[in-house]
Structure formats: structure tokens, C-alpha cells
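Colleague: Can you keep this structure in mind? I'll have questions shortly.
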Amino acid sequence: MLSDLSGWAIAVVAVLGALSVAAGVAVFVVDSMARATFALLASFLAVAGVLLVLDLVYLAVVTALMMTMEMAIMAVFMIMFMMNPAGLMPMTMVHNAKGSAVVGAGAFVVLTVGIWTIDWPTRNPERPADSTRQLGEAIMGSHMLVMLVIGIALFATILAGTVLATARGRYDRFGAGLTAKRPDDPVPGGLRR
Amino acid sequence: MPEQTLAEAWGLVPAVLGIVAVGLVLGVVVAVVDRIVVFGASGAAVEPIRSSARLLVEQRRTTLAPDRLLWRTGCVAVPTLALLSLAVVPVAGRTLWSTGADLVWFNAMEALLWAAVWLVGWGPNAVHALTGGYRFLGQGLAYELPLMFALITAGLAAGSLRTTDVLAAQERLWFVVTMPVAFVVFVASAAAFAFWGPFAAPAAADIAGGVTSELSGVDRLLVEAGRTVFLGASAAMAAALFLGGESGPWLPGPLWHLLKTLAVVAALVWVGRRMPVLRPDRTVEVGWMVLVPLTLLQALVVAVLVLNGFYA
Amino acid sequence: MTAEVVLQIVLTIAAGLIGVGLYGALSQQTIVMVMMGLELVLNGVLLAGGAAWYFLAPELPDAQMLVVVALVVMAVEMAMGFAVTVAFYRARQLDMIDMASDLRG
């Protein structure tokens with residue numbers, strides 16, 4: 001069966017794919033942490049572009065949206081924690097580089113051999129008119145359990161993340177007897193409580 | 001797909017050029033209205049064009065050890081994203097391109113602005129600029145969720161994420177009647193992601209202009225143009241999503257949309273210029289404790305109305 | 001080009017992303033860089049999931065759900081990673097995983 005992607009679309013997929021891998025390599029090559037973060041973002045955006053060509057508009061756009069925010073926040077953490085955020089003094093921060101390279105290359109080779117030797121099913125599947133509607137109906141219908149589990153997992157993540165990241169508990173905010181009327185916070189916040 | 005997109009109707013290149021022209025005109029309109037509100041009417045129509053021309057020929061300043069690649073990327077990205085967000089805003093009843101997820105596309109372009117503005121702040125290797133970038137991210141965390149809920153409320157009532165479907169669903173009743181909170185939150189968020197008016201803390205005077213402090217020449221023009229085009233595009237989007245877009249008596253549809261867009265721009269500038277700049281450390285708590293519950297409640301009301309067949 | 005070859009090209013790109021990400025996750029010393037490696041692996045999963053949907057089973061939403069789950073895994077990984085980094089930095093002023101080897105069970 002011939003692909004129903006046009007020649008242009010296939011070319012776009014190939015170029016964006018190469019770009020995503022190149023940006024992924026750049027993440028671990030460049031010295032500047034800001035550049036590494038935004039190289040990773042470029043990789044995500046290239047993958048989002050491929051998804052767009054593959055008719056998955058919603059997933060492509062959501063990938064771009066979520067990953068941009070993640071990377072913007074990640075850049076903040078990079079600058080906060082790393083010794084050399086702007087890469088003005090090049091340094092290498094790796095361990096076991098050779099072993100890691102072997103594992104990475106090995107995984108790639110195993111996967112590629114599998115991809116090119118498997119006899120993929122070729123048939124003429126029926127395409128939905130709107131992939132977004134298909135996903136929405138699955139989330140609210142046949143696959144609702146997945147969404148419920150995701151919701152609980154994200155809620156647990158919010159709680160666990162806050163507990164781990166904050167150093168102050170209620171006794172720091174309201175005093176040893178929890179008697180203070182107003183919490184003693186380093187940043188007062190917008191609401192006068 | 002019942003309707004054609006602009007790209008199908010006019011051909012891809014003319015449609016893209018048309019949208020770019022619409023975006024630039026909207027940007028100039030916002031700048032002119034802003035000037036009229038701040039300084040009065042004299043010379044307001046030529047001033048944006050005159051200052052743009054001056055910035056075009058101005059020589060660039062630079063700083064010590066800037067990250068040029070990221071800086072330029074950020075500066076170019078701001079107006080590009082503003083124009084890309086216009087791709088799903090209906091112009092003359094059609095969008096440049098129509099997908100199953102137009103509203104999310106608009107939201108994603110605005111999210112990409114986080115990266116672009118932060119880069120504009122990071123690039124020059126300067127304290128005030130980077131502080132401005134951080135302030136933008138802080139504000140972003142505050143307005144992003146209310147903005148998402150406001151957008152999705154309009155999609156919920158229309159039963160579709162396609163902007164043209166949202167337009168079609170408002171033939172009987174403008175959405176602003178049943179979702180005033182979403183409308184106000186959307187317009188306020190537009191000011192926030194253009195870091196303009198009361199949300200101008202990322203570019204405020206107390207940090208010497210923040211993200212814009214080290215910009216000069218073409219770079220400054222790109223970023224400032226991007227901000228105003230974003231404001232104009234959001235006003236057009238607000239008119240389309242909540243004010244019925246092209247619906248109205250006597251006049252032709254596109255003119256109605258233009259009038260409504262102008263009204264939103266005028267109201268936004270008139271109110272925004274009369275408010276003090278909000279402190280960025282105060283926005284997150286207000287966003288999460290007040291606006292998120294409010295917009296969720298708004299979505300709940302609309303959902304109940306949808307179930308009762310109110311919009312059908 | 002047949003659909004099968006296009007599918008194989010896209011999956012090879014995804015495998016490339018997974019390989020590069022694995023290298024990064026295993027070789028980097030700072031927690032934030034390790035997270036970036038993991039994100040790159042998940043990026044490959046996103047791509048493979050999208051390709052599987054388009055070329056193998058577009059009539060079923062399952063592959064799309066897989067991509068959604070991968071996106072959520074990314075979000076959870078980022079949030080927990082940053083929380084652990086903050087807690088670790090607060091306790092020891094360090095952000096290197098080599099300094100945390102005493103935490104091994």
C-alpha cells in the first residue's frame with residue numbers, strides 16, 4: 001500500500017525528524033545550560049511538527065504547549081542550581097561516558113534492527129474525520145479509566161512535589177501554638193489573609 | 001469540514017500575506033488607540049509609524065558577552081508567535097487554517113511566548129533584563145490556568161475547538177451573556193501575556209525596562225510590535241469567541257467583527273492605562289485562589305447549560 | 001514511497017531520540033541534566049506513538065491515549081524531579097547524583 005502522505009509531507013517529516021535528533025544531540029554537547037534547555041525545546045517542537053503532519057493536531061499542539069512551559073520552568077531551575085549556567089567557562093559534567101554511549105548506541109541498534117526487520121501490517125485502515133474528536137470521545141468513554149488514573153496520579157504529584165520542595169510547615173507559618181492570625185510568609189502573596 | 005479556510009479560498013501565499021497585513025494593521029491600531037488614551041489625539045495616527053521607522057534605522061547597542069543566538073531567536077519569535085496566533089482567528093468569517101484544535105493552537109502560541117520572552121531577557125547577559133524574564137514566568141504561572149479555562153469554556157458551549165464552529169454557535173446569543181467571567185479573564189490574560197498595562201511588571205520602570213531594557217533598533221521594534229500585535233489578535237479573538245464575531249444587524253459581517261475588535265481594544269486600553277502596575281509577587285496567589293475557582297465555576301455553569309440544551 | 005517505509009523512517013528517528021536520551025540520562029552528573037535525558041527518551045515515545053496511530057491503527061484511539069499517557073509521565077517526572085532536586089539541594093547544597101550514592105537502598 002502506498003503511503004497517503006504526499007511527497008512534501010514525507011520530506012517535512014524527514015527534515016523535522018533529523019532536526020529533532022540533532023537538537024537532542026545538541027542538548028548534551030553545548031556548554032550553556034540555557035542553550036541545552038532550548039535545544040531540548042527545539043527537539044520537542046520538531047516532534048510536535050511531525051505529529052502535526054501525521055494529522056494529530058491536538059496532540060501536537062498540546063505537546064508544544066506543555067513542553068514549552070516545562071522548558072521555561074526548567075531553565076529557571078538550571079540557572080538556580082547549576083554551576084555554569086551560561087557556559088562561559090566550559091566544563092564537562094559526565095561520568096561513565098563510554099559505557100553510557102555504548103548503552104545508548106546499543107539501544108538504538110537493537111530498536112532499528114527490530115524496526116527494519118519486522119513485517120509491519122499493511123492494510124487500508126479507515127481514518128477518523130477528526131482525530132481530536134476521536135481522542136475526546138475515548139477519554140470520556142471507552143478509555144475513561146485511563147483518564148481517572150492520570151488525574152489521581154497528577155494530584156498525588158502535586159501533593160508529593162509540594163511536600164518535598166517546601167521547607168516550611170504550618171508551625172513555621174502560624175507559630176508553635178498555631179495561634180498567629182496571619183501566616184508569617186517570606187512572600188506575602190496577593191490576598192490579605 | 002463545512003467551510004473553507006482562507007488558505008483554500010485565496011491560495012496559500014495570498015492568504016498568509018493577508019493575515020500578516022491584518023496583524024500589522026491590528027498592531028498599529030492598538031498603538032494608535034494607546035497613544036490617544038495616554039497623550040490625546042494630536043499626531044496619534046502617525047506616531048507609531050514614525051517611531052517604527054526610527055527604530056528600523058537605529059543602530060543596535062550590544063552588551064558584554066551576550067548570548068546572541070538565543071537573544072535574536074527570542075526577539076524574532078515574539079512577533080512570529082503573534083502572527084501565528086492570528087492563523088486561527090477568523091478574518092472575514094474564515095480562519096487562515098482550520099484544525100480540530102484551534103483554541104488549543106491559540107493557547108500554545110501564547111505558551112511559546114513564555115520561552116520567547118524569557119530568551120529576550122536572558123540574551124543580553126544583563127541583570128534587569130533577566131529579572132524581567134523571571135517576572136514574566138511568574139506572571140505566566142498565575143494567568144495560564146485561568147486563561148485555559150476561559151478558552152475551553154467557549155469551546156465547551158460550542159461543542160468544538162474550531163473557532164468557526166464557536167462563531168456559528170453564537171448566532172442566537174453572544175457567549176459573553178452566559179460567560180462574562182471567561183470573557184473578562186480572557187481579555188485580562190491578553191494584557192498579561194503581552195505584559196502590558198497593569199501586567200507590565202516584566203518591563204516595568206523599577207527594573208529599568210526589564211526584558212526590554214537592553215533592546216535597541218530592530219530588536220526593540222520586533223518585540224514591541226509583537227506585543228501590540230498580540231494585543232490586537234487577542235482582541236479580535238475575544239470579539240470572535242465571546243461577542244458573536246460577525247453577527248449583527250444591517251452592516252456586513254466583517255465590519256461588525258472589526259467594530260467589536262475596536263471596541264475591545266478601546267476598552268482594554270482605556271481600563272488598562274488607568275490601573276497601576278501589579279506587583280508580580282501578588283499575581284500568583286490571586287490567580288490560583290480566586291481566578292481558578294471562578295473560571296471553574298464558570299465552566300460548570302456553562303456545562304449545565306449545555307446539558308440543558310441551552311446553546312443547541 | 002510505501003507507508004511501511006515511511007513508518008520505519010519515523011520509528012528510526014524515534015529510536016535515535018531514545019538512544020541519545022539514554023546516553024544523556026546515564027552519563028550526566030547533575031540531576032537536571034539527567035531529567036533532560038529522560039525527557040528525550042519520552043520524546044521518542046511520543047513520536048513512535050503518533051506514528052503507530054497514523055500508520056497502524058488510526059481507527060482506534062489507543063495509540064493517541066498512549067501519547068497522552070507519555071505526556072503525563074513527562075509532567076510527573078519533571079515535577080517530582082524538581083521537587084527532589086530542591087529537597088536535595090536544601091539538605092546538602094548539591095545537585096550532583098554522584099553525591100547522593102549513599103541514598104542507595
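In the C-alpha cells, each chain is lettered A, B, ... as it comes, each chain's residues begin at 1, and ligands are numbered from 1 in order of appearance.
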Enumerate the residues of chain C with a DSSP assignment of helix (DSSP H, G or I), computed from the backbone, and present them as a ChimeraX atom specification.
Modeller: /C:3-27,31-55,62-92,97-103
Colleague: Compile the contact shell of range 192-202 of chain B as a count of residues only: residues with an atom at most 8 Å away, counting only C-alpha atoms, same-chain residues fewer than 5 positions apart removed.
Modeller: 27
Colleague: Report the closest atom pair, with its distance in Å rounded to one decimal, for each residue of chain B that has an atom no farther than 8 Å from chain A; count only C-alpha atoms, sort by chain and then rising residue number, and write it as JSON lines.
Modeller:
{"residue": "B:Leu70", "atom": "CA", "partner": "A:Arg35", "partner_atom": "CA", "distance": 7.4}
{"residue": "B:Thr99", "atom": "CA", "partner": "A:Val57", "partner_atom": "CA", "distance": 6.8}
{"residue": "B:Gly100", "atom": "CA", "partner": "A:Thr132", "partner_atom": "CA", "distance": 5.8}
{"residue": "B:Ala101", "atom": "CA", "partner": "A:Tyr58", "partner_atom": "CA", "distance": 5.4}
{"residue": "B:Val104", "atom": "CA", "partner": "A:Val61", "partner_atom": "CA", "distance": 6.6}
{"residue": "B:Trp105", "atom": "CA", "partner": "A:Val61", "partner_atom": "CA", "distance": 5.8}
{"residue": "B:Asn107", "atom": "CA", "partner": "A:Leu65", "partner_atom": "CA", "distance": 7.4}
{"residue": "B:Ala108", "atom": "CA", "partner": "A:Leu65", "partner_atom": "CA", "distance": 4.5}
{"residue": "B:Met109", "atom": "CA", "partner": "A:Leu65", "partner_atom": "CA", "distance": 7.6}
{"residue": "B:Ala111", "atom": "CA", "partner": "A:Leu65", "partner_atom": "CA", "distance": 5.6}
{"residue": "B:Leu112", "atom": "CA", "partner": "A:Thr68", "partner_atom": "CA", "distance": 5.7}
{"residue": "B:Trp114", "atom": "CA", "partner": "A:Ala72", "partner_atom": "CA", "distance": 6.6}
{"residue": "B:Ala115", "atom": "CA", "partner": "A:Ala72", "partner_atom": "CA", "distance": 5.5}
{"residue": "B:Trp118", "atom": "CA", "partner": "A:Ala72", "partner_atom": "CA", "distance": 7.4}
{"residue": "B:Tyr134", "atom": "CA", "partner": "A:Val76", "partner_atom": "CA", "distance": 7.7}
{"residue": "B:Leu137", "atom": "CA", "partner": "A:Ala72", "partner_atom": "CA", "distance": 7.6}
{"residue": "B:Asp281", "atom": "CA", "partner": "A:Gly189", "partner_atom": "CA", "distance": 6.2}
{"residue": "B:Arg282", "atom": "CA", "partner": "A:Gly190", "partner_atom": "CA", "distance": 3.8}
{"residue": "B:Thr283", "atom": "CA", "partner": "A:Gly190", "partner_atom": "CA", "distance": 6.1}
{"residue": "B:Val284", "atom": "CA", "partner": "A:Gly190", "partner_atom": "CA", "distance": 7.3}
{"residue": "B:Glu285", "atom": "CA", "partner": "A:Gly190", "partner_atom": "CA", "distance": 5.4}
{"residue": "B:Val286", "atom": "CA", "partner": "A:Gly190", "partner_atom": "CA", "distance": 5.6}
Colleague: Write out as a PyMOL selection string which residues come within 12 Å of Val41 in chain C when counting only C-alpha atoms, dropping same-chain ones fewer than 4 positions away.
Modeller: (chain A and resi 20-21+24+40+43-44+104+107-108) or (chain C and resi 13-26+34-37+45-48+70-71+73-74)
Colleague: Could those selected residues go to a file with C-alpha atoms, as a PDB file, in the first residue's frame?
Modeller:
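Result went into out-v4.pdb, see below:
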ATOM      1  CA  SER A  20      14.744  16.675  16.452  1.00  0.00           C
ATOM      2  CA  VAL A  21      17.593  14.167  16.738  1.00  0.00           C
ATOM      3  CA  GLY A  24      18.638  16.149  21.049  1.00  0.00           C
ATOM      4  CA  LEU A  40      15.594  20.223  24.048  1.00  0.00           C
ATOM      5  CA  SER A  43      13.588  18.799  19.709  1.00  0.00           C
ATOM      6  CA  PHE A  44      10.091  18.743  21.218  1.00  0.00           C
ATOM      7  CA  GLY A 104      22.622   4.432  24.039  1.00  0.00           C
ATOM      8  CA  ALA A 107      19.511   0.563  22.318  1.00  0.00           C
ATOM      9  CA  PHE A 108      19.368   2.443  19.021  1.00  0.00           C
TER      10      PHE A 108
ATOM     11  CA  ILE C  13      14.023   8.716  14.225  1.00  0.00           C
ATOM     12  CA  ALA C  14      12.190   7.823  17.441  1.00  0.00           C
ATOM     13  CA  ALA C  15      14.818   5.162  18.157  1.00  0.00           C
ATOM     14  CA  GLY C  16      17.511   7.799  17.601  1.00  0.00           C
ATOM     15  CA  LEU C  17      15.856  10.079  20.159  1.00  0.00           C
ATOM     16  CA  ILE C  18      15.604   7.188  22.626  1.00  0.00           C
ATOM     17  CA  GLY C  19      19.281   6.294  22.112  1.00  0.00           C
ATOM     18  CA  VAL C  20      20.515   9.862  22.596  1.00  0.00           C
ATOM     19  CA  GLY C  21      18.255  10.285  25.619  1.00  0.00           C
ATOM     20  CA  LEU C  22      19.554   7.065  27.212  1.00  0.00           C
ATOM     21  CA  TYR C  23      23.124   8.229  26.737  1.00  0.00           C
ATOM     22  CA  GLY C  24      22.304  11.534  28.398  1.00  0.00           C
ATOM     23  CA  ALA C  25      20.351  10.044  31.281  1.00  0.00           C
ATOM     24  CA  LEU C  26      23.181   7.616  32.064  1.00  0.00           C
ATOM     25  CA  VAL C  34      19.599  13.513  33.836  1.00  0.00           C
ATOM     26  CA  MET C  35      15.979  14.667  33.649  1.00  0.00           C
ATOM     27  CA  MET C  36      16.619  16.169  30.245  1.00  0.00           C
ATOM     28  CA  GLY C  37      17.894  12.777  29.065  1.00  0.00           C
ATOM     29  CA  VAL C  45       7.952   7.567  22.751  1.00  0.00           C
ATOM     30  CA  LEU C  46       5.674  10.447  21.701  1.00  0.00           C
ATOM     31  CA  LEU C  47       6.911  10.227  18.133  1.00  0.00           C
ATOM     32  CA  ALA C  48       6.610   6.434  17.993  1.00  0.00           C
ATOM     33  CA  ALA C  70       3.552   9.699  27.819  1.00  0.00           C
ATOM     34  CA  LEU C  71       2.875  13.430  28.129  1.00  0.00           C
ATOM     35  CA  VAL C  73       4.558  10.806  32.567  1.00  0.00           C
ATOM     36  CA  MET C  74       6.755  13.699  31.395  1.00  0.00           C
TER      37      MET C  74
END
Colleague: Using only C-alpha atoms and a distance of at most 7 Å, pull out the residues of chain C that contact chain A, as a ChimeraX atom specification.
Modeller: /C:1-4,8,11-13,15-17,19-20,22-24,26-29,32,40,43,47,50,54,57-59,61,64,76,79-80,83-84,86-87,95
Colleague: Those residues you just picked out, can you put them in a file as a short mmCIF file (atom, residue, chain, number, x, y, z; two decimals), in the first residue's frame with N, CA and C atoms?
Modeller:
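File written: again-v1.cif
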data_model
loop_
_atom_site.label_atom_id
_atom_site.label_comp_id
_atom_site.auth_asym_id
_atom_site.auth_seq_id
_atom_site.Cartn_x
_atom_site.Cartn_y
_atom_site.Cartn_z
N MET C 1 6.59 6.31 -2.12
CA MET C 1 7.10 5.51 -1.01
C MET C 1 5.95 4.76 -0.35
N THR C 2 6.18 3.52 0.03
CA THR C 2 5.09 2.81 0.69
C THR C 2 4.97 3.26 2.14
N ALA C 3 3.78 3.07 2.66
CA ALA C 3 3.52 3.51 4.03
C ALA C 3 4.46 2.82 5.01
N GLU C 4 4.80 1.55 4.68
CA GLU C 4 5.64 0.79 5.61
C GLU C 4 7.01 1.46 5.77
N GLN C 8 8.76 3.08 9.01
CA GLN C 8 10.06 2.65 9.52
C GLN C 8 11.01 3.83 9.69
N LEU C 11 9.95 5.64 12.87
CA LEU C 11 10.31 4.87 14.06
C LEU C 11 11.82 4.90 14.28
N THR C 12 12.60 4.94 13.18
CA THR C 12 14.05 5.02 13.34
C THR C 12 14.44 6.34 13.99
N ILE C 13 13.76 7.42 13.58
CA ILE C 13 14.02 8.72 14.22
C ILE C 13 13.70 8.62 15.71
N ALA C 15 13.77 5.97 17.52
CA ALA C 15 14.82 5.16 18.16
C ALA C 15 16.06 6.01 18.38
N GLY C 16 16.37 6.91 17.43
CA GLY C 16 17.51 7.80 17.60
C GLY C 16 17.33 8.68 18.83
N LEU C 17 16.13 9.24 18.99
CA LEU C 17 15.86 10.08 20.16
C LEU C 17 16.02 9.28 21.45
N GLY C 19 17.87 6.59 21.89
CA GLY C 19 19.28 6.29 22.11
C GLY C 19 20.02 7.48 22.70
N VAL C 20 19.84 8.65 22.09
CA VAL C 20 20.52 9.86 22.60
C VAL C 20 20.08 10.16 24.02
N LEU C 22 18.97 8.04 26.29
CA LEU C 22 19.55 7.07 27.21
C LEU C 22 20.99 7.44 27.54
N TYR C 23 21.74 7.81 26.49
CA TYR C 23 23.12 8.23 26.74
C TYR C 23 23.15 9.38 27.74
N GLY C 24 22.31 10.38 27.52
CA GLY C 24 22.30 11.53 28.40
C GLY C 24 21.90 11.17 29.82
N LEU C 26 22.20 8.43 31.35
CA LEU C 26 23.18 7.62 32.06
C LEU C 26 24.48 8.36 32.32
N SER C 27 24.84 9.31 31.42
CA SER C 27 26.17 9.90 31.53
C SER C 27 26.20 11.20 32.32
N GLN C 28 25.08 11.91 32.40
CA GLN C 28 25.15 13.23 33.02
C GLN C 28 25.24 13.13 34.53
N GLN C 29 25.88 14.13 35.14
CA GLN C 29 26.11 14.08 36.58
C GLN C 29 25.10 14.90 37.37
N VAL C 32 19.38 17.79 36.96
CA VAL C 32 18.55 18.43 35.94
C VAL C 32 18.92 17.88 34.55
N LEU C 40 14.08 13.28 26.75
CA LEU C 40 14.37 12.98 25.36
C LEU C 40 13.89 11.56 25.00
N ASN C 43 10.32 11.78 24.54
CA ASN C 43 10.05 12.44 23.27
C ASN C 43 10.00 11.41 22.14
N LEU C 47 6.83 10.35 19.59
CA LEU C 47 6.91 10.23 18.13
C LEU C 47 6.47 8.84 17.68
N GLY C 50 2.70 8.47 17.98
CA GLY C 50 1.99 9.16 16.91
C GLY C 50 2.08 8.40 15.60
N TYR C 54 -0.95 6.76 13.24
CA TYR C 54 -1.22 7.15 11.86
C TYR C 54 -1.11 5.96 10.90
N ALA C 57 -3.02 1.98 13.29
CA ALA C 57 -4.40 1.82 13.76
C ALA C 57 -5.09 3.15 13.95
N PRO C 58 -5.29 3.94 12.91
CA PRO C 58 -5.95 5.24 13.10
C PRO C 58 -7.41 5.11 13.46
N GLU C 59 -8.02 3.93 13.26
CA GLU C 59 -9.44 3.81 13.57
C GLU C 59 -9.65 3.61 15.07
N PRO C 61 -8.50 4.72 19.11
CA PRO C 61 -7.86 5.84 19.82
C PRO C 61 -6.72 5.41 20.73
N GLN C 64 -3.33 7.16 20.48
CA GLN C 64 -3.43 8.54 20.97
C GLN C 64 -3.41 8.57 22.49
N VAL C 76 4.81 14.45 35.27
CA VAL C 76 5.06 13.92 36.61
C VAL C 76 6.56 13.85 36.86
N ALA C 79 7.92 17.36 37.55
CA ALA C 79 7.51 17.91 38.85
C ALA C 79 8.26 17.21 39.97
N MET C 80 8.28 15.87 39.94
CA MET C 80 8.94 15.14 41.02
C MET C 80 10.45 15.36 40.96
N ALA C 83 11.17 18.67 42.49
CA ALA C 83 10.94 18.64 43.94
C ALA C 83 12.09 17.93 44.63
N VAL C 84 12.55 16.81 44.06
CA VAL C 84 13.67 16.08 44.67
C VAL C 84 14.93 16.94 44.62
N VAL C 86 15.14 20.18 44.65
CA VAL C 86 15.05 21.25 45.65
C VAL C 86 15.32 20.68 47.04
N ALA C 87 14.70 19.53 47.35
CA ALA C 87 14.88 18.94 48.67
C ALA C 87 16.35 18.57 48.89
N ASP C 95 23.81 19.39 43.70
CA ASP C 95 22.83 18.92 42.73
C ASP C 95 23.39 17.80 41.88
#
Colleague: Tell me, as a VMD selection string, which residues lie within 9 Å of Gly232 in chain B, counting only C-alpha atoms; anything in the same chain fewer than 4 positions away does not count.
Modeller: chain B and resid 23 to 30 227 to 228 236 to 237 261 to 262 265
Colleague: Give me, as a count of residues only, all polymer residues having an atom no more than 12 Å from Thr163 in chain B, counting only C-alpha atoms and skipping those fewer than 6 positions away in the same chain.
Modeller: 39
Colleague: Please compute the CA of Asp67 in chain B-CA of Leu119 in chain B distance, one decimal, in Å.
Modeller: 9.2 Å
Colleague: Residues of chain C in strand (DSSP E or B) according to DSSP, as a ChimeraX atom specification?
Modeller: /C:2,28,30,96
Colleague: Next, write the just-selected residues to a file, as a CSV table (one decimal), in the first residue's frame, keeping C-alpha atoms as the atom set.
Modeller:
chain,number,residue,atom,x,y,z
C,2,THR,CA,5.1,2.8,0.7
C,28,GLN,CA,25.1,13.2,33.0
C,30,THR,CA,23.6,16.8,37.5
C,96,MET,CA,25.1,16.0,41.6
Colleague: Give me the residues near Val78 in chain B as a PyMOL selection string, where near means some atom within 7 Å (using only C-alpha atoms) and where sequence neighbours in that chain fewer than 4 positions away do not count.
Modeller: chain B and resi 74+82+113+116+223+226
Colleague: Include N, CA and C atoms and write out the residues we just selected as a CSV table (one decimal), in the first residue's frame.
Modeller:
chain,number,residue,atom,x,y,z
B,74,GLY,N,14.7,34.9,20.4
B,74,GLY,CA,13.6,35.4,21.2
B,74,GLY,C,13.0,36.6,20.6
B,82,ALA,N,2.9,36.0,17.5
B,82,ALA,CA,1.7,36.9,17.5
B,82,ALA,C,1.0,36.6,16.2
B,113,LEU,N,5.3,31.9,23.9
B,113,LEU,CA,5.7,33.3,24.2
B,113,LEU,C,6.5,33.2,25.5
B,116,ALA,N,9.9,32.7,24.5
B,116,ALA,CA,10.5,33.8,23.7
B,116,ALA,C,10.8,34.9,24.6
B,223,VAL,N,10.1,43.2,19.2
B,223,VAL,CA,9.4,42.8,20.5
B,223,VAL,C,8.2,43.7,20.7
B,226,GLY,N,5.5,42.8,18.3
B,226,GLY,CA,4.9,41.5,18.7
B,226,GLY,C,3.9,41.7,19.8
Colleague: What gap, in Å, lies between CA of Ala92 in chain B and CA of Phe310 in chain B?
Modeller: 27.2 Å
Colleague: Kindly give the distance, in Å, that separates CA of Trp71 in chain B and CA of Trp122 in chain B, rounded to a single decimal.
Modeller: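 Answer for the CA of Trp71 in chain B to CA of Trp122 in chain B separation: 7.0 Å.
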